[in-house]
Structure formats: structure tokens, C-alpha cells
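work03.cif (mmCIF, N, CA and C atoms) appears below.
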```
data_protein
loop_
_atom_site.group_PDB
_atom_site.id
_atom_site.type_symbol
_atom_site.label_atom_id
_atom_site.label_comp_id
_atom_site.auth_asym_id
_atom_site.auth_seq_id
_atom_site.Cartn_x
_atom_site.Cartn_y
_atom_site.Cartn_z
ATOM 1 N N MET A 35 121.886 213.078 18.371
ATOM 2 C CA MET A 35 123.014 213.537 19.146
ATOM 3 C C MET A 35 123.348 212.462 20.183
ATOM 4 N N THR A 36 124.610 212.143 20.312
ATOM 5 C CA THR A 36 125.003 211.114 21.265
ATOM 6 C C THR A 36 125.080 211.672 22.674
ATOM 7 N N LYS A 37 125.112 210.760 23.650
ATOM 8 C CA LYS A 37 125.197 211.184 25.048
ATOM 9 C C LYS A 37 126.456 211.995 25.295
ATOM 10 N N LYS A 38 127.573 211.592 24.698
ATOM 11 C CA LYS A 38 128.828 212.311 24.911
ATOM 12 C C LYS A 38 128.706 213.744 24.394
ATOM 13 N N ASN A 39 128.043 213.937 23.253
ATOM 14 C CA ASN A 39 127.858 215.277 22.718
ATOM 15 C C ASN A 39 127.013 216.123 23.659
ATOM 16 N N LEU A 40 126.010 215.528 24.293
ATOM 17 C CA LEU A 40 125.192 216.259 25.258
ATOM 18 C C LEU A 40 126.028 216.648 26.469
ATOM 19 N N LYS A 41 126.878 215.744 26.908
ATOM 20 C CA LYS A 41 127.761 216.042 28.038
ATOM 21 C C LYS A 41 128.713 217.178 27.687
ATOM 22 N N VAL A 42 129.310 217.105 26.515
ATOM 23 C CA VAL A 42 130.253 218.141 26.079
ATOM 24 C C VAL A 42 129.532 219.479 25.961
ATOM 25 N N SER A 43 128.352 219.485 25.373
ATOM 26 C CA SER A 43 127.582 220.721 25.237
ATOM 27 C C SER A 43 127.238 221.317 26.601
ATOM 28 N N THR A 44 126.846 220.459 27.527
ATOM 29 C CA THR A 44 126.506 220.923 28.868
ATOM 30 C C THR A 44 127.735 221.483 29.566
ATOM 31 N N LEU A 45 128.860 220.808 29.442
ATOM 32 C CA LEU A 45 130.083 221.302 30.070
ATOM 33 C C LEU A 45 130.553 222.614 29.441
ATOM 34 N N LYS A 46 130.416 222.742 28.127
ATOM 35 C CA LYS A 46 130.760 224.010 27.466
ATOM 36 C C LYS A 46 129.896 225.142 28.013
ATOM 37 N N PHE A 47 128.606 224.878 28.156
ATOM 38 C CA PHE A 47 127.686 225.874 28.705
ATOM 39 C C PHE A 47 128.113 226.262 30.124
ATOM 40 N N GLU A 48 128.409 225.276 30.949
ATOM 41 C CA GLU A 48 128.820 225.547 32.327
ATOM 42 C C GLU A 48 130.117 226.349 32.374
ATOM 43 N N ILE A 49 131.058 226.033 31.510
ATOM 44 C CA ILE A 49 132.319 226.784 31.471
ATOM 45 C C ILE A 49 132.054 228.238 31.095
ATOM 46 N N MET A 50 131.154 228.462 30.152
ATOM 47 C CA MET A 50 130.852 229.831 29.720
ATOM 48 C C MET A 50 130.075 230.612 30.767
ATOM 49 N N THR A 51 129.218 229.950 31.539
ATOM 50 C CA THR A 51 128.339 230.666 32.454
ATOM 51 C C THR A 51 128.717 230.536 33.928
ATOM 52 N N ASN A 52 129.518 229.526 34.267
ATOM 53 C CA ASN A 52 129.789 229.237 35.672
ATOM 54 C C ASN A 52 131.240 228.771 35.834
ATOM 55 N N LEU A 53 132.160 229.516 35.258
ATOM 56 C CA LEU A 53 133.557 229.099 35.179
ATOM 57 C C LEU A 53 134.172 228.815 36.540
ATOM 58 N N ASP A 54 133.957 229.689 37.508
ATOM 59 C CA ASP A 54 134.577 229.503 38.824
ATOM 60 C C ASP A 54 134.177 228.176 39.455
ATOM 61 N N GLU A 55 132.906 227.854 39.378
ATOM 62 C CA GLU A 55 132.424 226.607 39.966
ATOM 63 C C GLU A 55 132.984 225.392 39.228
ATOM 64 N N VAL A 56 133.053 225.461 37.911
ATOM 65 C CA VAL A 56 133.610 224.354 37.126
ATOM 66 C C VAL A 56 135.064 224.127 37.516
ATOM 67 N N LEU A 57 135.831 225.201 37.640
ATOM 68 C CA LEU A 57 137.234 225.051 38.018
ATOM 69 C C LEU A 57 137.378 224.473 39.417
ATOM 70 N N LYS A 58 136.536 224.887 40.341
ATOM 71 C CA LYS A 58 136.573 224.316 41.692
ATOM 72 C C LYS A 58 136.340 222.808 41.640
ATOM 73 N N VAL A 59 135.376 222.393 40.850
ATOM 74 C CA VAL A 59 135.065 220.971 40.722
ATOM 75 C C VAL A 59 136.223 220.223 40.064
ATOM 76 N N LEU A 60 136.770 220.768 38.989
ATOM 77 C CA LEU A 60 137.888 220.117 38.298
ATOM 78 C C LEU A 60 139.089 219.966 39.229
ATOM 79 N N GLU A 61 139.360 220.991 40.033
ATOM 80 C CA GLU A 61 140.470 220.922 40.975
ATOM 81 C C GLU A 61 140.159 219.922 42.096
ATOM 82 N N LYS A 62 138.943 219.939 42.598
ATOM 83 C CA LYS A 62 138.534 219.021 43.667
ATOM 84 C C LYS A 62 138.700 217.564 43.222
ATOM 85 N N LEU A 63 138.332 217.283 41.987
ATOM 86 C CA LEU A 63 138.433 215.933 41.439
ATOM 87 C C LEU A 63 139.837 215.621 40.911
ATOM 88 N N LYS A 64 140.740 216.600 41.039
ATOM 89 C CA LYS A 64 142.132 216.461 40.591
ATOM 90 C C LYS A 64 142.233 216.171 39.093
ATOM 91 N N LEU A 65 141.354 216.808 38.330
ATOM 92 C CA LEU A 65 141.389 216.663 36.874
ATOM 93 C C LEU A 65 142.208 217.768 36.228
ATOM 94 N N VAL A 66 142.405 218.882 36.955
ATOM 95 C CA VAL A 66 143.320 219.948 36.537
ATOM 96 C C VAL A 66 144.099 220.393 37.767
ATOM 97 N N ALA A 67 145.290 220.892 37.524
ATOM 98 C CA ALA A 67 146.119 221.383 38.620
ATOM 99 C C ALA A 67 145.660 222.781 39.022
ATOM 100 N N PRO A 68 145.690 223.076 40.321
ATOM 101 C CA PRO A 68 145.338 224.441 40.760
ATOM 102 C C PRO A 68 146.305 225.458 40.164
ATOM 103 N N SER A 69 145.790 226.616 39.814
ATOM 104 C CA SER A 69 146.608 227.683 39.244
ATOM 105 C C SER A 69 145.905 229.006 39.453
ATOM 106 N N GLU A 70 146.666 230.061 39.524
ATOM 107 C CA GLU A 70 146.106 231.394 39.697
ATOM 108 C C GLU A 70 145.910 232.114 38.358
ATOM 109 N N VAL A 71 146.317 231.493 37.262
ATOM 110 C CA VAL A 71 146.222 232.135 35.945
ATOM 111 C C VAL A 71 145.534 231.219 34.945
ATOM 112 N N PHE A 72 145.159 231.784 33.823
ATOM 113 C CA PHE A 72 144.565 231.042 32.708
ATOM 114 C C PHE A 72 143.314 230.276 33.126
ATOM 115 N N PHE A 73 142.430 230.956 33.855
ATOM 116 C CA PHE A 73 141.230 230.296 34.369
ATOM 117 C C PHE A 73 140.443 229.582 33.285
ATOM 118 N N GLU A 74 139.994 230.333 32.300
ATOM 119 C CA GLU A 74 139.113 229.759 31.288
ATOM 120 C C GLU A 74 139.824 228.697 30.464
ATOM 121 N N SER A 75 141.070 228.948 30.104
ATOM 122 C CA SER A 75 141.755 227.994 29.238
ATOM 123 C C SER A 75 141.998 226.658 29.940
ATOM 124 N N ARG A 76 142.152 226.641 31.266
ATOM 125 C CA ARG A 76 142.350 225.368 31.962
ATOM 126 C C ARG A 76 141.111 224.482 31.829
ATOM 127 N N ALA A 77 139.952 225.073 32.011
ATOM 128 C CA ALA A 77 138.712 224.311 31.883
ATOM 129 C C ALA A 77 138.486 223.882 30.437
ATOM 130 N N GLU A 78 138.702 224.792 29.517
ATOM 131 C CA GLU A 78 138.516 224.453 28.098
ATOM 132 C C GLU A 78 139.538 223.422 27.641
ATOM 133 N N ASP A 79 140.791 223.559 28.076
ATOM 134 C CA ASP A 79 141.815 222.576 27.703
ATOM 135 C C ASP A 79 141.434 221.185 28.192
ATOM 136 N N TRP A 80 140.908 221.122 29.420
ATOM 137 C CA TRP A 80 140.493 219.826 29.946
ATOM 138 C C TRP A 80 139.397 219.231 29.052
ATOM 139 N N LEU A 81 138.417 220.044 28.696
ATOM 140 C CA LEU A 81 137.308 219.552 27.888
ATOM 141 C C LEU A 81 137.768 219.157 26.486
ATOM 142 N N TYR A 82 138.655 219.947 25.874
ATOM 143 C CA TYR A 82 139.102 219.656 24.514
ATOM 144 C C TYR A 82 140.099 218.510 24.456
ATOM 145 N N SER A 83 140.593 218.064 25.619
ATOM 146 C CA SER A 83 141.502 216.916 25.636
ATOM 147 C C SER A 83 140.722 215.604 25.530
ATOM 148 N N GLU A 84 139.404 215.731 25.343
ATOM 149 C CA GLU A 84 138.506 214.586 25.210
ATOM 150 C C GLU A 84 138.606 213.657 26.413
ATOM 151 N N PRO A 85 138.200 214.158 27.586
ATOM 152 C CA PRO A 85 138.258 213.332 28.797
ATOM 153 C C PRO A 85 137.301 212.150 28.698
ATOM 154 N N PRO A 86 137.589 211.093 29.437
ATOM 155 C CA PRO A 86 136.680 209.941 29.430
ATOM 156 C C PRO A 86 135.291 210.342 29.912
ATOM 157 N N GLY A 87 134.306 209.637 29.429
ATOM 158 C CA GLY A 87 132.929 209.904 29.827
ATOM 159 C C GLY A 87 132.737 209.839 31.335
ATOM 160 N N GLN A 88 133.464 208.952 31.992
ATOM 161 C CA GLN A 88 133.358 208.819 33.441
ATOM 162 C C GLN A 88 133.785 210.102 34.147
ATOM 163 N N ASP A 89 134.842 210.739 33.654
ATOM 164 C CA ASP A 89 135.300 212.002 34.247
ATOM 165 C C ASP A 89 134.263 213.100 34.023
ATOM 166 N N MET A 90 133.692 213.130 32.826
ATOM 167 C CA MET A 90 132.657 214.121 32.553
ATOM 168 C C MET A 90 131.452 213.888 33.460
ATOM 169 N N ASP A 91 131.103 212.625 33.671
ATOM 170 C CA ASP A 91 129.990 212.290 34.568
ATOM 171 C C ASP A 91 130.248 212.796 35.984
ATOM 172 N N LYS A 92 131.473 212.608 36.465
ATOM 173 C CA LYS A 92 131.825 213.061 37.813
ATOM 174 C C LYS A 92 131.676 214.571 37.940
ATOM 175 N N VAL A 93 132.161 215.292 36.935
ATOM 176 C CA VAL A 93 132.087 216.759 36.961
ATOM 177 C C VAL A 93 130.629 217.198 36.924
ATOM 178 N N LEU A 94 129.854 216.624 36.030
ATOM 179 C CA LEU A 94 128.443 216.999 35.923
ATOM 180 C C LEU A 94 127.690 216.685 37.209
ATOM 181 N N LYS A 95 128.003 215.561 37.830
ATOM 182 C CA LYS A 95 127.349 215.198 39.084
ATOM 183 C C LYS A 95 127.672 216.237 40.168
ATOM 184 N N GLU A 96 128.929 216.645 40.248
ATOM 185 C CA GLU A 96 129.335 217.653 41.234
ATOM 186 C C GLU A 96 128.662 219.003 40.971
ATOM 187 N N LEU A 97 128.348 219.262 39.709
ATOM 188 C CA LEU A 97 127.684 220.518 39.336
ATOM 189 C C LEU A 97 126.181 220.437 39.523
ATOM 190 N N GLY A 98 125.677 219.276 39.920
ATOM 191 C CA GLY A 98 124.263 219.147 40.218
ATOM 192 C C GLY A 98 123.403 218.561 39.112
ATOM 193 N N TYR A 99 124.022 217.966 38.121
ATOM 194 C CA TYR A 99 123.255 217.345 37.024
ATOM 195 C C TYR A 99 122.933 215.914 37.341
#
```

Please express what this file holds, its structure, as C-alpha cells.
Amino acid sequence: MTKKNLKVSTLKFEIMTNLDEVLKVLEKLKLVAPSEVFFESRAEDWLYSEPPGQDMDKVLKELGY
């Protein structure tokens, strides 16, 4: 399994178990626009858009990884 796959798997897990915190981090890093609707889909859309590894690293670091 490649490092990117581990990052994606970890982010998927975090989205499923800790959605509010993931969205706070994504908004803080300006990777998604703030919104009051479509909570889960915003995080999933960001992940499925195949973000650069550097962006995934930033999010994971903010989440404590």
C-alpha cells in the first residue's frame, strides 16, 4: 500500500468518525468554503477530488497525526 493510500484511508476514517473536526480543519486551511449545509459531502468531495499529498499532510497534521 502506498503512502497516499494510507493518507486517503486515514482521512476517510476521520470523515466517518470525526466529521465536525475534519470540516473545521478543512475550513481553517481554506481547502473548502464554509457552509451550513452538505457537511459530509463537502469533506468527501474534497477527498475525492484527489488533493495534493501536501494538503492531505496539512489536514492530518492538524488532526494530530

Could you check the closest approach to Leu65 of chain A for each of A:Lys46, A:Asp89, A:Leu53, A:Tyr82 and tell me which residue wins, using only C-alpha atoms?
A:Asp89

Using only N, CA and C atoms, the shortest atom-to-atom distance to Glu74 of chain A among A:Phe47, A:Val42, A:Gly98, A:Asp54 belongs to A:Asp54

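When only C-alpha atoms are used to compute distances to Leu94 of chain A, the closest of the residues A:Leu63, A:Val71, A:Met50, A:Leu45 turns out to be A:Leu45.
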
Which of chain A end up as helix (DSSP H, G or I) when DSSP is run on this backbone - answer as JSON, numbers by chain?
{"A": [37, 38, 39, 40, 41, 42, 43, 44, 45, 46, 47, 48, 49, 50, 51, 53, 54, 55, 56, 57, 58, 59, 60, 61, 62, 73, 74, 75, 76, 77, 78, 79, 80, 81, 82, 87, 88, 89, 90, 91, 92, 93, 94, 95, 96]}

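In this model, the gap between atom N of Glu96 of chain A and atom CA of Ala77 of chain A comes to 15.0 Å.
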
Using the file's own x, y and z axes, so that the box edges lie along x, y and z, what centre and edge lengths in Å (one decimal) does a box around every listed atom of segment 58-61 of chain A get when 4 Å is added on each side? Give it as AutoDock Vina command-line options.
```
--center_x 137.8 --center_y 222.4 --center_z 40.2 --size_x 13.4 --size_y 13.0 --size_z 11.8
```

Starting from the displayed file, determine the output of the PyMOL selection byres (((chain A and resi 55-58 and name CA) around 8) and name CA) and express the residue list as a PDB file with N, CA and C atoms, in the frame of the given file.
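To be explicit, this is the file written out as expr10.pdb:
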```pdb
ATOM      1  N   GLU A  48     128.409 225.276  30.949  1.00  0.00           N
ATOM      2  CA  GLU A  48     128.820 225.547  32.327  1.00  0.00           C
ATOM      3  C   GLU A  48     130.117 226.349  32.374  1.00  0.00           C
ATOM      4  N   ILE A  49     131.058 226.033  31.510  1.00  0.00           N
ATOM      5  CA  ILE A  49     132.319 226.784  31.471  1.00  0.00           C
ATOM      6  C   ILE A  49     132.054 228.238  31.095  1.00  0.00           C
ATOM      7  N   ASN A  52     129.518 229.526  34.267  1.00  0.00           N
ATOM      8  CA  ASN A  52     129.789 229.237  35.672  1.00  0.00           C
ATOM      9  C   ASN A  52     131.240 228.771  35.834  1.00  0.00           C
ATOM     10  N   LEU A  53     132.160 229.516  35.258  1.00  0.00           N
ATOM     11  CA  LEU A  53     133.557 229.099  35.179  1.00  0.00           C
ATOM     12  C   LEU A  53     134.172 228.815  36.540  1.00  0.00           C
ATOM     13  N   ASP A  54     133.957 229.689  37.508  1.00  0.00           N
ATOM     14  CA  ASP A  54     134.577 229.503  38.824  1.00  0.00           C
ATOM     15  C   ASP A  54     134.177 228.176  39.455  1.00  0.00           C
ATOM     16  N   VAL A  59     135.376 222.393  40.850  1.00  0.00           N
ATOM     17  CA  VAL A  59     135.065 220.971  40.722  1.00  0.00           C
ATOM     18  C   VAL A  59     136.223 220.223  40.064  1.00  0.00           C
ATOM     19  N   LEU A  60     136.770 220.768  38.989  1.00  0.00           N
ATOM     20  CA  LEU A  60     137.888 220.117  38.298  1.00  0.00           C
ATOM     21  C   LEU A  60     139.089 219.966  39.229  1.00  0.00           C
ATOM     22  N   GLU A  61     139.360 220.991  40.033  1.00  0.00           N
ATOM     23  CA  GLU A  61     140.470 220.922  40.975  1.00  0.00           C
ATOM     24  C   GLU A  61     140.159 219.922  42.096  1.00  0.00           C
ATOM     25  N   LYS A  62     138.943 219.939  42.598  1.00  0.00           N
ATOM     26  CA  LYS A  62     138.534 219.021  43.667  1.00  0.00           C
ATOM     27  C   LYS A  62     138.700 217.564  43.222  1.00  0.00           C
ATOM     28  N   PHE A  73     142.430 230.956  33.855  1.00  0.00           N
ATOM     29  CA  PHE A  73     141.230 230.296  34.369  1.00  0.00           C
ATOM     30  C   PHE A  73     140.443 229.582  33.285  1.00  0.00           C
ATOM     31  N   ARG A  76     142.152 226.641  31.266  1.00  0.00           N
ATOM     32  CA  ARG A  76     142.350 225.368  31.962  1.00  0.00           C
ATOM     33  C   ARG A  76     141.111 224.482  31.829  1.00  0.00           C
ATOM     34  N   ALA A  77     139.952 225.073  32.011  1.00  0.00           N
ATOM     35  CA  ALA A  77     138.712 224.311  31.883  1.00  0.00           C
ATOM     36  C   ALA A  77     138.486 223.882  30.437  1.00  0.00           C
ATOM     37  N   VAL A  93     132.161 215.292  36.935  1.00  0.00           N
ATOM     38  CA  VAL A  93     132.087 216.759  36.961  1.00  0.00           C
ATOM     39  C   VAL A  93     130.629 217.198  36.924  1.00  0.00           C
ATOM     40  N   LEU A  97     128.348 219.262  39.709  1.00  0.00           N
ATOM     41  CA  LEU A  97     127.684 220.518  39.336  1.00  0.00           C
ATOM     42  C   LEU A  97     126.181 220.437  39.523  1.00  0.00           C
TER      43      LEU A  97
END
```

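Of note, atom N of Asp91 of chain A and atom CA of Pro68 of chain A are spaced 19.8 Å apart.
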
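Relative to atom CA of Lys41 of chain A, atom CA of Met90 of chain A is found at 6.9 Å.
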
Missing atoms in segment 85-96 of chain A should be modelled up to N, CA, C and O atoms and reported as a compact mmCIF listing (two decimals), keeping the file's coordinate frame.
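Final file, rebuild.txt:
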```
# COMPACT_ATOMS: atom_id res chain seq x y z
N PRO A 85 138.20 214.16 27.59
CA PRO A 85 138.26 213.33 28.80
C PRO A 85 137.30 212.15 28.70
O PRO A 85 136.31 212.21 27.96
N PRO A 86 137.59 211.09 29.44
CA PRO A 86 136.68 209.94 29.43
C PRO A 86 135.29 210.34 29.91
O PRO A 86 135.13 211.26 30.71
N GLY A 87 134.31 209.64 29.43
CA GLY A 87 132.93 209.90 29.83
C GLY A 87 132.74 209.84 31.34
O GLY A 87 131.94 210.58 31.90
N GLN A 88 133.46 208.95 31.99
CA GLN A 88 133.36 208.82 33.44
C GLN A 88 133.78 210.10 34.15
O GLN A 88 133.17 210.50 35.13
N ASP A 89 134.84 210.74 33.65
CA ASP A 89 135.30 212.00 34.25
C ASP A 89 134.26 213.10 34.02
O ASP A 89 133.98 213.89 34.92
N MET A 90 133.69 213.13 32.83
CA MET A 90 132.66 214.12 32.55
C MET A 90 131.45 213.89 33.46
O MET A 90 130.88 214.84 33.98
N ASP A 91 131.10 212.62 33.67
CA ASP A 91 129.99 212.29 34.57
C ASP A 91 130.25 212.80 35.98
O ASP A 91 129.36 213.34 36.63
N LYS A 92 131.47 212.61 36.47
CA LYS A 92 131.82 213.06 37.81
C LYS A 92 131.68 214.57 37.94
O LYS A 92 131.14 215.07 38.93
N VAL A 93 132.16 215.29 36.94
CA VAL A 93 132.09 216.76 36.96
C VAL A 93 130.63 217.20 36.92
O VAL A 93 130.20 218.04 37.71
N LEU A 94 129.85 216.62 36.03
CA LEU A 94 128.44 217.00 35.92
C LEU A 94 127.69 216.68 37.21
O LEU A 94 126.85 217.47 37.64
N LYS A 95 128.00 215.56 37.83
CA LYS A 95 127.35 215.20 39.08
C LYS A 95 127.67 216.24 40.17
O LYS A 95 126.78 216.68 40.89
N GLU A 96 128.93 216.64 40.25
CA GLU A 96 129.34 217.65 41.23
C GLU A 96 128.66 219.00 40.97
O GLU A 96 128.43 219.77 41.90
```
